[in-house]
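Undergrad: My structure file target.txt, compact mmCIF, N, CA and C atoms, is below:
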# COMPACT_ATOMS: atom_id res chain seq x y z
N MET A 253 148.32 -77.85 -12.67
CA MET A 253 146.98 -78.40 -12.64
C MET A 253 146.81 -79.17 -11.34
N ALA A 254 145.70 -78.88 -10.64
CA ALA A 254 145.44 -79.54 -9.36
C ALA A 254 145.15 -81.02 -9.58
N LYS A 255 145.71 -81.81 -8.70
CA LYS A 255 145.51 -83.25 -8.78
C LYS A 255 144.15 -83.59 -8.18
N LYS A 256 143.39 -84.43 -8.88
CA LYS A 256 142.07 -84.84 -8.43
C LYS A 256 142.21 -85.79 -7.24
N LYS A 257 141.50 -85.48 -6.17
CA LYS A 257 141.53 -86.33 -4.99
C LYS A 257 140.77 -87.61 -5.24
N LYS A 258 141.33 -88.70 -4.84
CA LYS A 258 140.67 -89.98 -5.02
C LYS A 258 139.81 -90.29 -3.81
N ALA A 259 138.61 -90.78 -4.06
CA ALA A 259 137.71 -91.16 -2.97
C ALA A 259 138.27 -92.37 -2.24
N PRO A 260 137.99 -92.50 -0.94
CA PRO A 260 138.47 -93.67 -0.21
C PRO A 260 137.82 -94.94 -0.76
N SER A 261 138.52 -96.05 -0.59
CA SER A 261 137.97 -97.30 -1.10
C SER A 261 136.72 -97.68 -0.31
N CYS A 262 135.87 -98.46 -0.94
CA CYS A 262 134.60 -98.84 -0.33
C CYS A 262 134.79 -99.77 0.87
N GLU A 263 135.95 -100.39 0.97
CA GLU A 263 136.20 -101.23 2.15
C GLU A 263 136.26 -100.37 3.41
N THR A 264 136.67 -99.12 3.25
CA THR A 264 136.84 -98.23 4.40
C THR A 264 135.54 -97.99 5.15
N CYS A 265 134.45 -97.79 4.42
CA CYS A 265 133.17 -97.50 5.08
C CYS A 265 132.18 -98.66 4.98
N GLY A 266 132.61 -99.77 4.39
CA GLY A 266 131.69 -100.90 4.26
C GLY A 266 130.67 -100.71 3.15
N ALA A 267 131.00 -99.89 2.16
CA ALA A 267 130.12 -99.62 1.02
C ALA A 267 128.75 -99.14 1.48
N GLN A 268 128.73 -98.20 2.41
CA GLN A 268 127.47 -97.71 2.97
C GLN A 268 126.53 -97.12 1.92
N CYS A 269 127.09 -96.46 0.90
CA CYS A 269 126.23 -95.85 -0.11
C CYS A 269 125.54 -96.90 -0.98
N CYS A 270 125.96 -98.14 -0.89
CA CYS A 270 125.34 -99.24 -1.65
C CYS A 270 124.33 -100.00 -0.79
N ARG A 271 124.01 -99.47 0.37
CA ARG A 271 123.14 -100.18 1.31
C ARG A 271 121.83 -99.45 1.60
N TYR A 272 121.54 -98.43 0.80
CA TYR A 272 120.28 -97.71 0.97
C TYR A 272 119.91 -97.02 -0.32
N VAL A 273 118.65 -96.65 -0.41
CA VAL A 273 118.14 -95.82 -1.49
C VAL A 273 117.37 -94.70 -0.81
N ALA A 274 117.61 -93.47 -1.24
CA ALA A 274 116.89 -92.32 -0.68
C ALA A 274 116.38 -91.46 -1.82
N THR A 275 115.18 -90.96 -1.64
CA THR A 275 114.60 -90.07 -2.64
C THR A 275 114.05 -88.84 -1.92
N GLN A 276 114.26 -87.69 -2.52
CA GLN A 276 113.81 -86.44 -1.90
C GLN A 276 112.29 -86.36 -1.91
N ILE A 277 111.74 -85.87 -0.81
CA ILE A 277 110.30 -85.65 -0.69
C ILE A 277 110.07 -84.19 -0.30
N ASP A 278 108.84 -83.73 -0.50
CA ASP A 278 108.51 -82.37 -0.09
C ASP A 278 108.50 -82.27 1.43
N GLU A 279 108.89 -81.11 1.92
CA GLU A 279 108.81 -80.88 3.36
C GLU A 279 107.34 -80.92 3.77
N PRO A 280 107.02 -81.70 4.80
CA PRO A 280 105.63 -81.79 5.21
C PRO A 280 105.14 -80.47 5.78
N ASP A 281 103.86 -80.13 5.46
CA ASP A 281 103.33 -78.86 5.98
C ASP A 281 101.85 -78.93 6.32
N CYS A 282 101.31 -80.15 6.38
CA CYS A 282 99.91 -80.28 6.75
C CYS A 282 99.69 -81.66 7.37
N LYS A 283 98.53 -81.87 7.96
CA LYS A 283 98.24 -83.13 8.65
C LYS A 283 98.34 -84.33 7.73
N THR A 284 97.93 -84.17 6.49
CA THR A 284 98.03 -85.29 5.54
C THR A 284 99.49 -85.67 5.32
N ASP A 285 100.35 -84.67 5.14
CA ASP A 285 101.79 -84.94 4.97
C ASP A 285 102.37 -85.63 6.20
N TYR A 286 102.01 -85.13 7.38
CA TYR A 286 102.53 -85.73 8.62
C TYR A 286 102.07 -87.17 8.73
N ASP A 287 100.81 -87.42 8.35
CA ASP A 287 100.26 -88.77 8.41
C ASP A 287 100.98 -89.71 7.44
N HIS A 288 101.32 -89.21 6.25
CA HIS A 288 102.05 -90.03 5.29
C HIS A 288 103.42 -90.41 5.84
N ILE A 289 104.09 -89.46 6.44
CA ILE A 289 105.41 -89.77 7.01
C ILE A 289 105.28 -90.78 8.14
N ARG A 290 104.27 -90.61 8.96
CA ARG A 290 104.03 -91.60 10.02
C ARG A 290 103.82 -92.98 9.42
N TRP A 291 103.07 -93.06 8.33
CA TRP A 291 102.81 -94.33 7.65
C TRP A 291 104.10 -94.93 7.10
N TYR A 292 104.94 -94.10 6.45
CA TYR A 292 106.23 -94.61 5.96
C TYR A 292 107.01 -95.26 7.10
N LEU A 293 107.06 -94.56 8.23
CA LEU A 293 107.88 -94.99 9.36
C LEU A 293 107.34 -96.20 10.09
N LEU A 294 106.13 -96.59 9.79
CA LEU A 294 105.58 -97.81 10.38
C LEU A 294 106.06 -99.06 9.64
N HIS A 295 106.81 -98.89 8.58
CA HIS A 295 107.35 -100.01 7.81
C HIS A 295 108.80 -100.28 8.21
N GLU A 296 109.18 -101.55 8.16
CA GLU A 296 110.54 -101.94 8.51
C GLU A 296 111.54 -101.40 7.50
N LYS A 297 112.68 -100.99 8.01
CA LYS A 297 113.81 -100.52 7.19
C LYS A 297 113.47 -99.32 6.32
N VAL A 298 112.50 -98.51 6.77
CA VAL A 298 112.14 -97.27 6.09
C VAL A 298 112.37 -96.13 7.07
N PHE A 299 113.02 -95.08 6.61
CA PHE A 299 113.38 -93.94 7.45
C PHE A 299 113.07 -92.65 6.71
N VAL A 300 113.00 -91.57 7.45
CA VAL A 300 112.86 -90.24 6.86
C VAL A 300 113.96 -89.41 7.50
N PHE A 301 114.68 -88.65 6.67
CA PHE A 301 115.71 -87.79 7.25
C PHE A 301 115.68 -86.40 6.63
N ILE A 302 116.25 -85.47 7.37
CA ILE A 302 116.44 -84.10 6.92
C ILE A 302 117.95 -83.91 6.80
N ASP A 303 118.41 -83.49 5.62
CA ASP A 303 119.85 -83.32 5.44
C ASP A 303 120.31 -81.97 5.99
N HIS A 304 121.57 -81.70 5.86
CA HIS A 304 122.15 -80.47 6.42
C HIS A 304 121.71 -79.21 5.68
N ASP A 305 121.09 -79.38 4.51
CA ASP A 305 120.55 -78.24 3.77
C ASP A 305 119.06 -78.03 4.05
N GLY A 306 118.47 -78.89 4.91
CA GLY A 306 117.05 -78.77 5.23
C GLY A 306 116.14 -79.52 4.28
N ASP A 307 116.72 -80.30 3.36
CA ASP A 307 115.91 -81.08 2.43
C ASP A 307 115.47 -82.39 3.09
N TRP A 308 114.26 -82.83 2.75
CA TRP A 308 113.66 -84.04 3.33
C TRP A 308 113.82 -85.21 2.37
N TYR A 309 114.07 -86.41 2.94
CA TYR A 309 114.27 -87.61 2.14
C TYR A 309 113.55 -88.79 2.76
N LEU A 310 113.10 -89.68 1.90
CA LEU A 310 112.55 -90.96 2.29
C LEU A 310 113.64 -91.98 1.98
N GLU A 311 114.02 -92.77 2.97
CA GLU A 311 115.15 -93.69 2.84
C GLU A 311 114.70 -95.13 3.07
N PHE A 312 115.22 -96.01 2.23
CA PHE A 312 114.96 -97.45 2.36
C PHE A 312 116.30 -98.14 2.59
N GLU A 313 116.46 -98.84 3.69
CA GLU A 313 117.69 -99.60 3.93
C GLU A 313 117.59 -100.91 3.17
N THR A 314 118.38 -101.02 2.13
CA THR A 314 118.37 -102.22 1.30
C THR A 314 119.68 -102.29 0.53
N ASP A 315 120.32 -103.43 0.54
CA ASP A 315 121.58 -103.59 -0.18
C ASP A 315 121.34 -103.64 -1.68
N CYS A 316 122.26 -103.08 -2.43
CA CYS A 316 122.24 -103.18 -3.88
C CYS A 316 122.39 -104.66 -4.25
N ALA A 317 121.64 -105.10 -5.24
CA ALA A 317 121.69 -106.49 -5.68
C ALA A 317 123.06 -106.84 -6.28
N SER A 318 123.84 -105.82 -6.68
CA SER A 318 125.16 -106.05 -7.27
C SER A 318 126.29 -105.93 -6.27
N LEU A 319 125.99 -105.82 -5.00
CA LEU A 319 127.02 -105.67 -3.98
C LEU A 319 127.53 -107.05 -3.57
N GLY A 320 128.82 -107.26 -3.76
CA GLY A 320 129.43 -108.54 -3.40
C GLY A 320 129.75 -108.61 -1.91
N GLU A 321 130.06 -109.79 -1.44
CA GLU A 321 130.40 -109.99 -0.02
C GLU A 321 131.62 -109.18 0.39
N ASP A 322 132.49 -108.88 -0.58
CA ASP A 322 133.71 -108.10 -0.30
C ASP A 322 133.48 -106.60 -0.43
N ASN A 323 132.21 -106.16 -0.52
CA ASN A 323 131.82 -104.76 -0.68
C ASN A 323 132.23 -104.17 -2.03
N ARG A 324 132.47 -105.02 -2.99
CA ARG A 324 132.79 -104.56 -4.34
C ARG A 324 131.60 -104.82 -5.25
N CYS A 325 131.50 -104.01 -6.30
CA CYS A 325 130.39 -104.12 -7.24
C CYS A 325 130.61 -105.32 -8.17
N LEU A 326 129.60 -106.17 -8.25
CA LEU A 326 129.65 -107.32 -9.14
C LEU A 326 129.28 -106.93 -10.58
N ASN A 327 128.83 -105.69 -10.75
CA ASN A 327 128.37 -105.19 -12.04
C ASN A 327 129.15 -103.92 -12.41
N TYR A 328 130.41 -103.87 -12.02
CA TYR A 328 131.20 -102.65 -12.08
C TYR A 328 131.25 -102.01 -13.47
N ASP A 329 131.48 -102.80 -14.50
CA ASP A 329 131.63 -102.25 -15.85
C ASP A 329 130.34 -101.68 -16.42
N SER A 330 129.20 -102.12 -15.93
CA SER A 330 127.93 -101.58 -16.45
C SER A 330 127.06 -101.00 -15.33
N ARG A 331 127.71 -100.50 -14.28
CA ARG A 331 126.98 -99.91 -13.16
C ARG A 331 126.31 -98.61 -13.59
N PRO A 332 125.24 -98.21 -12.90
CA PRO A 332 124.55 -96.95 -13.25
C PRO A 332 125.46 -95.73 -13.12
N ARG A 333 125.09 -94.70 -13.83
CA ARG A 333 125.89 -93.46 -13.82
C ARG A 333 126.01 -92.86 -12.42
N ILE A 334 124.96 -92.95 -11.62
CA ILE A 334 125.02 -92.40 -10.26
C ILE A 334 126.15 -93.06 -9.48
N CYS A 335 126.38 -94.34 -9.73
CA CYS A 335 127.48 -95.05 -9.07
C CYS A 335 128.83 -94.60 -9.64
N ARG A 336 128.88 -94.42 -10.94
CA ARG A 336 130.12 -94.00 -11.59
C ARG A 336 130.56 -92.62 -11.10
N ARG A 337 129.59 -91.76 -10.86
CA ARG A 337 129.90 -90.38 -10.45
C ARG A 337 130.21 -90.25 -8.97
N HIS A 338 129.87 -91.26 -8.19
CA HIS A 338 130.09 -91.19 -6.74
C HIS A 338 131.58 -91.04 -6.45
N GLY A 339 131.91 -90.02 -5.70
CA GLY A 339 133.29 -89.79 -5.29
C GLY A 339 134.15 -89.04 -6.29
N GLU A 340 133.62 -88.72 -7.48
CA GLU A 340 134.46 -88.07 -8.49
C GLU A 340 134.73 -86.60 -8.17
N THR A 341 133.96 -86.00 -7.29
CA THR A 341 134.22 -84.59 -6.95
C THR A 341 135.38 -84.45 -5.98
N GLY A 342 135.81 -85.57 -5.41
CA GLY A 342 136.87 -85.51 -4.41
C GLY A 342 136.34 -85.21 -3.03
N ALA A 343 135.02 -85.05 -2.91
CA ALA A 343 134.42 -84.81 -1.60
C ALA A 343 134.61 -86.06 -0.73
N PRO A 344 134.78 -85.86 0.55
CA PRO A 344 134.97 -87.02 1.42
C PRO A 344 133.70 -87.88 1.48
N CYS A 345 133.89 -89.13 1.76
CA CYS A 345 132.77 -90.06 1.92
C CYS A 345 131.84 -89.52 3.01
N GLU A 346 130.55 -89.43 2.70
CA GLU A 346 129.61 -88.87 3.67
C GLU A 346 129.51 -89.70 4.93
N PHE A 347 129.86 -90.97 4.86
CA PHE A 347 129.79 -91.84 6.03
C PHE A 347 131.07 -91.83 6.84
N LEU A 348 132.14 -91.23 6.31
CA LEU A 348 133.40 -91.14 7.03
C LEU A 348 133.68 -89.73 7.53
N SER A 349 132.75 -88.80 7.29
CA SER A 349 132.96 -87.42 7.72
C SER A 349 132.75 -87.31 9.24
N LYS A 350 133.01 -86.14 9.76
CA LYS A 350 132.92 -85.92 11.20
C LYS A 350 131.49 -85.91 11.72
N HIS A 351 130.53 -85.68 10.84
CA HIS A 351 129.13 -85.66 11.26
C HIS A 351 128.33 -86.62 10.41
N GLU A 352 127.16 -86.96 10.87
CA GLU A 352 126.26 -87.86 10.14
C GLU A 352 125.89 -87.23 8.80
N PRO A 353 125.50 -88.05 7.82
CA PRO A 353 125.10 -87.48 6.53
C PRO A 353 123.75 -86.78 6.57
N TYR A 354 123.12 -86.73 7.72
CA TYR A 354 121.83 -86.07 7.86
C TYR A 354 121.82 -85.24 9.14
N GLU A 355 120.93 -84.27 9.18
CA GLU A 355 120.78 -83.43 10.37
C GLU A 355 119.96 -84.17 11.43
N ILE A 356 118.86 -84.78 10.98
CA ILE A 356 118.00 -85.55 11.86
C ILE A 356 117.43 -86.71 11.06
N ARG A 357 117.30 -87.85 11.71
CA ARG A 357 116.78 -89.06 11.03
C ARG A 357 115.72 -89.69 11.93
N PHE A 358 114.55 -89.89 11.36
CA PHE A 358 113.45 -90.52 12.07
C PHE A 358 113.41 -92.00 11.72
N SER A 359 113.39 -92.85 12.74
CA SER A 359 113.37 -94.28 12.48
C SER A 359 112.04 -94.92 12.87
N THR A 360 111.23 -94.18 13.63
CA THR A 360 109.90 -94.69 14.00
C THR A 360 108.88 -93.56 13.92
N ALA A 361 107.62 -93.94 13.80
CA ALA A 361 106.55 -92.94 13.80
C ALA A 361 106.55 -92.20 15.13
N ARG A 362 106.83 -92.90 16.20
CA ARG A 362 106.86 -92.28 17.53
C ARG A 362 107.93 -91.19 17.62
N ASP A 363 109.11 -91.44 17.02
CA ASP A 363 110.18 -90.42 16.98
C ASP A 363 109.69 -89.17 16.26
N PHE A 364 109.04 -89.38 15.12
CA PHE A 364 108.55 -88.26 14.33
C PHE A 364 107.46 -87.49 15.08
N GLU A 365 106.54 -88.20 15.71
CA GLU A 365 105.47 -87.57 16.48
C GLU A 365 106.04 -86.72 17.62
N ALA A 366 107.04 -87.25 18.31
CA ALA A 366 107.68 -86.50 19.40
C ALA A 366 108.34 -85.23 18.87
N TRP A 367 108.97 -85.33 17.69
CA TRP A 367 109.60 -84.18 17.06
C TRP A 367 108.56 -83.12 16.72
N LEU A 368 107.42 -83.54 16.17
CA LEU A 368 106.33 -82.61 15.85
C LEU A 368 105.80 -81.93 17.11
N GLU A 369 105.58 -82.72 18.13
CA GLU A 369 105.03 -82.18 19.38
C GLU A 369 106.00 -81.20 20.03
N LYS A 370 107.27 -81.49 19.99
CA LYS A 370 108.28 -80.60 20.56
C LYS A 370 108.26 -79.23 19.88
N ARG A 371 107.89 -79.22 18.61
CA ARG A 371 107.82 -77.98 17.85
C ARG A 371 106.44 -77.34 17.88
N GLY A 372 105.52 -77.96 18.61
CA GLY A 372 104.17 -77.40 18.72
C GLY A 372 103.34 -77.55 17.46
N ILE A 373 103.69 -78.53 16.64
CA ILE A 373 102.96 -78.75 15.39
C ILE A 373 101.77 -79.67 15.66
N LYS A 374 100.61 -79.22 15.26
CA LYS A 374 99.38 -80.01 15.46
C LYS A 374 99.26 -81.01 14.30
N TRP A 375 99.47 -82.26 14.60
CA TRP A 375 99.47 -83.29 13.57
C TRP A 375 98.32 -84.29 13.72
N ARG A 376 97.69 -84.30 14.87
CA ARG A 376 96.62 -85.29 15.11
C ARG A 376 95.33 -84.88 14.43
N TRP A 377 94.63 -85.86 13.90
CA TRP A 377 93.31 -85.64 13.35
C TRP A 377 92.32 -85.67 14.51
N LYS A 378 91.29 -84.85 14.43
CA LYS A 378 90.25 -84.85 15.46
C LYS A 378 89.44 -86.13 15.34
N LYS A 379 89.11 -86.72 16.45
CA LYS A 379 88.29 -87.93 16.45
C LYS A 379 86.87 -87.59 16.07
N PRO A 380 86.23 -88.42 15.23
CA PRO A 380 84.85 -88.12 14.81
C PRO A 380 83.86 -88.18 15.96
Can the structure in the file be given as structure tokens, please?
TA:
Amino acid sequence: MAKKKKAPSCETCGAQCCRYVATQIDEPDCKTDYDHIRWYLLHEKVFVFIDHDGDWYLEFETDCASLGEDNRCLNYDSRPRICRRHGETGAPCEFLSKHEPYEIRFSTARDFEAWLEKRGIKWRWKKP
């Protein structure tokens, strides 16, 4: 029977997975979608990224309220299932891998606008 690989300790990466929340969003395909993403990116500690599978996510940089100063969970015994399942597949920590956990990450509306323009995507609304 194959031995299950243990995930690296959270001290190794600084508990990076406990420092953000990301939720999948639809890939933008119209001016309204582009405008919404621009609006998200005008807020502090809000990002949009595309993962290596081409899926789009809205990300909020925010520490978990149960994260201790030592990067350990203060609520370990009753932590959410998503936390319990993290690392159980034996997959390497996404923050310790050779590449970033995302293909591209937008941190400002200007970054996103430049990306759209580089691809020839018309995102601007016509002035009245």
Undergrad: Identify, on the basis of only N, CA and C atoms, every residue whose closest approach to segment 291-293 of chain A does not exceed 6.5 Å; exclude the query and any residue fewer than 5 positions from it along the same chain; express the result as a PyMOL selection string.
TA: chain A and resi 286+298-300+359-361
Undergrad: What lies within 7 Å of Arg271 of chain A using only N, CA and C atoms, ignoring chain neighbours under 5 positions off, as a PyMOL selection string?
TA: chain A and resi 312-316
Undergrad: Between atom N of Val273 of chain A and atom CA of Ile302 of chain A, measure the distance and give it in Å to one decimal.
TA: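 These two atoms are separated by 14.7 Å.
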Undergrad: Could you check the closest approach to Phe358 of chain A for each of A:Thr264, A:His304, A:Glu311, A:Ser330 and tell me which residue wins, using only C-alpha atoms?
TA: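 Among the listed residues, the smallest separation from Phe358 of chain A belongs to A:Glu311.
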Undergrad: What gap, in Å, lies between atom CA of Arg357 of chain A and atom CA of Asp303 of chain A?
TA: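 It comes out at 8.6 Å.
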Undergrad: Could you give me, as a PyMOL selection string, each residue of chain A that DSSP assigns to alpha helix (DSSP H) when run on this structure's backbone?
TA: chain A and resi 262-265+283-293+333-337+361-370
Undergrad: Report the distance between atom CA of Glu296 of chain A and atom N of Pro353 of chain A in Å, rounded to one decimal place.
TA: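 Separating atom CA of Glu296 of chain A from atom N of Pro353 of chain A is a distance of 20.4 Å.
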Undergrad: I'd like to know which of A:Arg376, A:His338, A:Arg333, A:Arg290 is closest to Phe364 of chain A, using only N, CA and C atoms.
TA: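 The shortest atom-to-atom distance to Phe364 of chain A comes from A:Arg290.
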Undergrad: Could the centre and edge lengths of an axis-aligned box, enclosing all atoms of segment 304-323 of chain A in the file with 6 Å extra on each side, be given in Å to one decimal as JSON?
TA:
{"center_x": 123.1, "center_y": -94.0, "center_z": -0.4, "size_x": 33.2, "size_y": 44.0, "size_z": 25.7}
Undergrad: For the strand (DSSP E) assignment from backbone DSSP, which residues of segment 268-369 of chain A qualify? Please present them as a list of chain:residue names.
TA: A:Tyr272, A:Val273, A:Ala274, A:Thr275, A:Gln276, A:Ile277, A:Val298, A:Phe299, A:Val300, A:Phe301, A:Ile302, A:Trp308, A:Tyr309, A:Leu310, A:Glu311, A:Phe312, A:Glu313, A:Ile356, A:Arg357, A:Phe358
Undergrad: Any chance you can output those residues with N, CA and C atoms as an mmCIF file, keeping the file's coordinate frame?
TA:
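Saved to result.cif:
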data_model
loop_
_atom_site.group_PDB
_atom_site.id
_atom_site.type_symbol
_atom_site.label_atom_id
_atom_site.label_comp_id
_atom_site.auth_asym_id
_atom_site.auth_seq_id
_atom_site.Cartn_x
_atom_site.Cartn_y
_atom_site.Cartn_z
ATOM 1 N N TYR A 272 121.540 -98.430 0.800
ATOM 2 C CA TYR A 272 120.280 -97.710 0.970
ATOM 3 C C TYR A 272 119.910 -97.020 -0.320
ATOM 4 N N VAL A 273 118.650 -96.650 -0.410
ATOM 5 C CA VAL A 273 118.140 -95.820 -1.490
ATOM 6 C C VAL A 273 117.370 -94.700 -0.810
ATOM 7 N N ALA A 274 117.610 -93.470 -1.240
ATOM 8 C CA ALA A 274 116.890 -92.320 -0.680
ATOM 9 C C ALA A 274 116.380 -91.460 -1.820
ATOM 10 N N THR A 275 115.180 -90.960 -1.640
ATOM 11 C CA THR A 275 114.600 -90.070 -2.640
ATOM 12 C C THR A 275 114.050 -88.840 -1.920
ATOM 13 N N GLN A 276 114.260 -87.690 -2.520
ATOM 14 C CA GLN A 276 113.810 -86.440 -1.900
ATOM 15 C C GLN A 276 112.290 -86.360 -1.910
ATOM 16 N N ILE A 277 111.740 -85.870 -0.810
ATOM 17 C CA ILE A 277 110.300 -85.650 -0.690
ATOM 18 C C ILE A 277 110.070 -84.190 -0.300
ATOM 19 N N VAL A 298 112.500 -98.510 6.770
ATOM 20 C CA VAL A 298 112.140 -97.270 6.090
ATOM 21 C C VAL A 298 112.370 -96.130 7.070
ATOM 22 N N PHE A 299 113.020 -95.080 6.610
ATOM 23 C CA PHE A 299 113.380 -93.940 7.450
ATOM 24 C C PHE A 299 113.070 -92.650 6.710
ATOM 25 N N VAL A 300 113.000 -91.570 7.450
ATOM 26 C CA VAL A 300 112.860 -90.240 6.860
ATOM 27 C C VAL A 300 113.960 -89.410 7.500
ATOM 28 N N PHE A 301 114.680 -88.650 6.670
ATOM 29 C CA PHE A 301 115.710 -87.790 7.250
ATOM 30 C C PHE A 301 115.680 -86.400 6.630
ATOM 31 N N ILE A 302 116.250 -85.470 7.370
ATOM 32 C CA ILE A 302 116.440 -84.100 6.920
ATOM 33 C C ILE A 302 117.950 -83.910 6.800
ATOM 34 N N TRP A 308 114.260 -82.830 2.750
ATOM 35 C CA TRP A 308 113.660 -84.040 3.330
ATOM 36 C C TRP A 308 113.820 -85.210 2.370
ATOM 37 N N TYR A 309 114.070 -86.410 2.940
ATOM 38 C CA TYR A 309 114.270 -87.610 2.140
ATOM 39 C C TYR A 309 113.550 -88.790 2.760
ATOM 40 N N LEU A 310 113.100 -89.680 1.900
ATOM 41 C CA LEU A 310 112.550 -90.960 2.290
ATOM 42 C C LEU A 310 113.640 -91.980 1.980
ATOM 43 N N GLU A 311 114.020 -92.770 2.970
ATOM 44 C CA GLU A 311 115.150 -93.690 2.840
ATOM 45 C C GLU A 311 114.700 -95.130 3.070
ATOM 46 N N PHE A 312 115.220 -96.010 2.230
ATOM 47 C CA PHE A 312 114.960 -97.450 2.360
ATOM 48 C C PHE A 312 116.300 -98.140 2.590
ATOM 49 N N GLU A 313 116.460 -98.840 3.690
ATOM 50 C CA GLU A 313 117.690 -99.600 3.930
ATOM 51 C C GLU A 313 117.590 -100.910 3.170
ATOM 52 N N ILE A 356 118.860 -84.780 10.980
ATOM 53 C CA ILE A 356 118.000 -85.550 11.860
ATOM 54 C C ILE A 356 117.430 -86.710 11.060
ATOM 55 N N ARG A 357 117.300 -87.850 11.710
ATOM 56 C CA ARG A 357 116.780 -89.060 11.030
ATOM 57 C C ARG A 357 115.720 -89.690 11.930
ATOM 58 N N PHE A 358 114.550 -89.890 11.360
ATOM 59 C CA PHE A 358 113.450 -90.520 12.070
ATOM 60 C C PHE A 358 113.410 -92.000 11.720
#
Undergrad: Restricting the calculation to all atoms listed in the file, which member of A:Arg337, A:Leu294, A:Phe301, A:Asp285 is positioned closest to Ile356 of chain A?
TA: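 Looking only at the distances to Ile356 of chain A, the closest residue turns out to be A:Phe301.
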Undergrad: Return the single residue from A:Asp281, A:Asn323, A:Gln276, A:His288 that is closest to Leu310 of chain A, with distances computed using only C-alpha atoms.
TA: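 Checking each candidate against Leu310 of chain A, we get A:Gln276 as the closest.
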Undergrad: Using only C-alpha atoms for the distances, tell me which of A:Tyr309, A:His295, A:His351, A:Ala267 is nearest to Pro280 of chain A.
TA: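 When distances to Pro280 of chain A are compared using only C-alpha atoms, the smallest one comes from A:Tyr309.
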Undergrad: Name the residues in contact with Tyr328 of chain A at a cut-off of 10 Å, using only C-alpha atoms, excluding same-chain residues fewer than 4 positions from it; report them as a list in words.
TA: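 Counting only the stated atoms, we get Ser318, Leu319, Arg324, Pro332, Cys335 and Arg336 of chain A.
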